[in-house]
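Report on the following structure.
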Amino acid sequence: MTAAREAITLPLLLLTAALLGGLHPGARIAFVPPPLFCLVLSSLLLAALVRSGALDPTRLMHGSRSPLANANGAVVLAALFAAGAQVCAMLTPSAGLPLFFVSVFLFVLLVNTLVASPDRVRLLRSLAVIFGAGLVLKFVVLAGLAQPEGRTARVLVALFDAATFGSIAQDPQPAAAGYLAFLTAALYLAAAALLPGSPRGMPGTALQMRSPDA
């Protein structure tokens, strides 16, 4: 990995994703930090990146590197964690039963991905599918049900509320929210693809102990 990628490209992509993921556009733009559960999801996401070989932390922080290089590596890891938390928060509905189900869904998917130990390419594909599904659910399906002028939407929401004793209604999303979420997810995936990984064919090198040669 080049010095420019580590010192400029990765921090810029990740910090931008962390900033955009916390922005809530509307009549008044606000920055909202991620909830505690999204920090747990980001920890699982970071562990999955390491286990798959998509990220080798020893290439960012190691005793053989200079203090300045280790400080830059720490910035990259912290930005990666923050961006992951903001992406998960961005994909999670704001309230009601969708908040519960999507949170459980993301948790189960990330745990399953961590246990399955996919390689770098398969992990990135899985993350793209997870993020894409979250975007469609929150900004297409739930946003469509939140439109007040839709009679069909109102009927579906009423039927669901009566059947489950819970609400799926969400606050209407600004038109820019979906585009901002798509850009944030794309920035995170681009940064994940540029992370310094383990040698090819050796996923999770940083977490495994190599047996000595006989």
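Following the order of the structure tokens, first chain is A, next is B, and so on, with residues numbered from 1 inside each chain and ligands from 1 in the order they appear.
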
Q: From a DSSP pass on the backbone, collect the residues of stretch 21-190 of chain A flagged as strand (DSSP E or B) and hand them back as a list in words.
A: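 Those in stretch 21-190 of chain A that DSSP calls strand (DSSP E or B) are Leu23, His24, Ala30 and Phe31 of chain A.
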
Okay, now the selection with C-alpha atoms, as an mmCIF file, in the first residue's frame?
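Listing of part-v4.cif after writing:
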```
data_model
loop_
_atom_site.group_PDB
_atom_site.id
_atom_site.type_symbol
_atom_site.label_atom_id
_atom_site.label_comp_id
_atom_site.auth_asym_id
_atom_site.auth_seq_id
_atom_site.Cartn_x
_atom_site.Cartn_y
_atom_site.Cartn_z
ATOM 1 C CA LEU A 23 -26.056 14.115 8.681
ATOM 2 C CA HIS A 24 -29.847 14.311 8.742
ATOM 3 C CA ALA A 30 -28.328 18.125 12.069
ATOM 4 C CA PHE A 31 -25.469 15.768 12.881
#
```

Q | Non-local contacts of A:Leu106 (9 Å; only C-alpha atoms; under 4 positions in same chain excluded) as a PyMOL selection string | A | chain A and resi 41+88+92+101-102+110-111+130+134

Q | Two-atom distance - atom CA of A:Ser117, atom CA of A:Leu44 (Å) | A |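 These atoms are spaced 12.3 Å apart.
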
Long-range neighbours of A:Thr184 as an mmCIF file with N, CA, C and O atoms, in the first residue's frame, 10 Å cut-off, only C-alpha atoms, 2 positions minimum in chain:
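Generated output (part-v1.cif):
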```
data_model
loop_
_atom_site.group_PDB
_atom_site.id
_atom_site.type_symbol
_atom_site.label_atom_id
_atom_site.label_comp_id
_atom_site.auth_asym_id
_atom_site.auth_seq_id
_atom_site.Cartn_x
_atom_site.Cartn_y
_atom_site.Cartn_z
ATOM 1 N N LEU A 13 -11.706 9.190 2.637
ATOM 2 C CA LEU A 13 -12.921 8.425 2.333
ATOM 3 C C LEU A 13 -13.686 8.070 3.605
ATOM 4 O O LEU A 13 -14.911 8.231 3.681
ATOM 5 N N LEU A 14 -12.969 7.575 4.611
ATOM 6 C CA LEU A 14 -13.634 7.108 5.826
ATOM 7 C C LEU A 14 -14.201 8.245 6.657
ATOM 8 O O LEU A 14 -15.322 8.156 7.173
ATOM 9 N N THR A 16 -15.099 11.175 5.537
ATOM 10 C CA THR A 16 -16.238 11.712 4.790
ATOM 11 C C THR A 16 -17.467 10.839 4.981
ATOM 12 O O THR A 16 -18.580 11.339 5.177
ATOM 13 N N ALA A 17 -17.279 9.506 4.937
ATOM 14 C CA ALA A 17 -18.399 8.595 5.164
ATOM 15 C C ALA A 17 -18.952 8.743 6.576
ATOM 16 O O ALA A 17 -20.173 8.723 6.789
ATOM 17 N N ALA A 18 -18.064 8.899 7.570
ATOM 18 C CA ALA A 18 -18.523 9.078 8.944
ATOM 19 C C ALA A 18 -19.301 10.373 9.115
ATOM 20 O O ALA A 18 -20.295 10.437 9.843
ATOM 21 N N LEU A 19 -18.858 11.426 8.422
ATOM 22 C CA LEU A 19 -19.549 12.714 8.512
ATOM 23 C C LEU A 19 -20.895 12.668 7.800
ATOM 24 O O LEU A 19 -21.928 13.069 8.364
ATOM 25 N N LEU A 20 -20.916 12.155 6.571
ATOM 26 C CA LEU A 20 -22.162 12.114 5.804
ATOM 27 C C LEU A 20 -23.178 11.168 6.441
ATOM 28 O O LEU A 20 -24.383 11.416 6.392
ATOM 29 N N GLY A 21 -22.687 10.056 7.044
ATOM 30 C CA GLY A 21 -23.602 9.109 7.663
ATOM 31 C C GLY A 21 -24.346 9.684 8.852
ATOM 32 O O GLY A 21 -25.435 9.214 9.193
ATOM 33 N N GLY A 22 -23.767 10.700 9.493
ATOM 34 C CA GLY A 22 -24.422 11.302 10.642
ATOM 35 C C GLY A 22 -25.289 12.495 10.316
ATOM 36 O O GLY A 22 -25.992 13.010 11.188
ATOM 37 N N ALA A 83 -16.879 5.200 10.728
ATOM 38 C CA ALA A 83 -17.659 5.141 9.489
ATOM 39 C C ALA A 83 -18.590 3.933 9.488
ATOM 40 O O ALA A 83 -19.739 4.023 9.039
ATOM 41 N N GLN A 86 -21.602 4.720 11.661
ATOM 42 C CA GLN A 86 -22.521 5.668 11.034
ATOM 43 C C GLN A 86 -23.285 5.040 9.872
ATOM 44 O O GLN A 86 -24.456 5.343 9.649
ATOM 45 N N VAL A 87 -22.635 4.148 9.129
ATOM 46 C CA VAL A 87 -23.335 3.460 8.045
ATOM 47 C C VAL A 87 -24.443 2.575 8.609
ATOM 48 O O VAL A 87 -25.567 2.555 8.086
ATOM 49 N N MET A 90 -27.229 4.749 9.723
ATOM 50 C CA MET A 90 -27.925 5.299 8.563
ATOM 51 C C MET A 90 -28.903 4.308 7.957
ATOM 52 O O MET A 90 -29.978 4.680 7.473
ATOM 53 N N GLY A 178 -31.968 9.659 0.713
ATOM 54 C CA GLY A 178 -31.600 8.419 0.029
ATOM 55 C C GLY A 178 -30.316 8.551 -0.767
ATOM 56 O O GLY A 178 -29.463 7.651 -0.752
ATOM 57 N N TYR A 179 -30.157 9.671 -1.466
ATOM 58 C CA TYR A 179 -28.932 9.892 -2.238
ATOM 59 C C TYR A 179 -27.718 10.022 -1.317
ATOM 60 O O TYR A 179 -26.633 9.513 -1.618
ATOM 61 N N LEU A 180 -27.909 10.696 -0.187
ATOM 62 C CA LEU A 180 -26.819 10.843 0.778
ATOM 63 C C LEU A 180 -26.427 9.487 1.365
ATOM 64 O O LEU A 180 -25.242 9.188 1.533
ATOM 65 N N ALA A 181 -27.419 8.647 1.646
ATOM 66 C CA ALA A 181 -27.137 7.317 2.178
ATOM 67 C C ALA A 181 -26.407 6.446 1.152
ATOM 68 O O ALA A 181 -25.479 5.709 1.493
ATOM 69 N N PHE A 182 -26.825 6.530 -0.101
ATOM 70 C CA PHE A 182 -26.163 5.760 -1.158
ATOM 71 C C PHE A 182 -24.705 6.181 -1.291
ATOM 72 O O PHE A 182 -23.806 5.337 -1.411
ATOM 73 N N ALA A 186 -21.387 3.867 -0.554
ATOM 74 C CA ALA A 186 -20.403 3.691 -1.634
ATOM 75 C C ALA A 186 -19.008 4.103 -1.167
ATOM 76 O O ALA A 186 -18.012 3.430 -1.492
ATOM 77 N N LEU A 187 -18.911 5.194 -0.406
ATOM 78 C CA LEU A 187 -17.607 5.627 0.103
ATOM 79 C C LEU A 187 -17.016 4.588 1.054
ATOM 80 O O LEU A 187 -15.815 4.310 1.022
ATOM 81 N N TYR A 188 -17.858 4.028 1.914
ATOM 82 C CA TYR A 188 -17.365 3.018 2.853
ATOM 83 C C TYR A 188 -16.873 1.774 2.106
ATOM 84 O O TYR A 188 -15.805 1.234 2.428
ATOM 85 N N LEU A 189 -17.632 1.314 1.129
ATOM 86 C CA LEU A 189 -17.223 0.133 0.368
ATOM 87 C C LEU A 189 -15.943 0.396 -0.417
ATOM 88 O O LEU A 189 -15.082 -0.484 -0.525
ATOM 89 N N ALA A 190 -15.816 1.604 -0.969
ATOM 90 C CA ALA A 190 -14.590 1.948 -1.693
ATOM 91 C C ALA A 190 -13.391 1.937 -0.757
ATOM 92 O O ALA A 190 -12.312 1.429 -1.102
#
```

List the neighbours of A:Asp56 out to 7 Å using only C-alpha atoms; skip same-chain residues closer than 6 positions along the sequence, and give me the result as a short mmCIF file (atom, residue, chain, number, x, y, z; two decimals) with N, CA and C atoms, in the first residue's frame.
```
data_model
loop_
_atom_site.label_atom_id
_atom_site.label_comp_id
_atom_site.auth_asym_id
_atom_site.auth_seq_id
_atom_site.Cartn_x
_atom_site.Cartn_y
_atom_site.Cartn_z
N VAL A 50 -11.18 -8.06 9.36
CA VAL A 50 -9.90 -8.65 9.75
C VAL A 50 -9.89 -10.15 9.47
N PRO A 196 -5.42 -2.18 3.51
CA PRO A 196 -4.30 -3.13 3.39
C PRO A 196 -4.71 -4.49 3.94
N GLY A 197 -4.72 -5.49 3.09
CA GLY A 197 -5.18 -6.81 3.49
C GLY A 197 -4.06 -7.79 3.74
N SER A 198 -4.45 -8.98 4.14
CA SER A 198 -3.50 -10.06 4.34
C SER A 198 -3.06 -10.60 2.99
N ALA A 206 -3.64 -11.86 10.42
CA ALA A 206 -3.28 -11.15 11.64
C ALA A 206 -3.83 -11.83 12.88
#
```

(Q) For a quick check of understanding, using only C-alpha atoms, which of A:Leu46, A:Val76, A:Val108, A:Val129 has the smallest distance to A:Thr9? (A)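 Closest residue, counting only C-alpha atoms: A:Val76.
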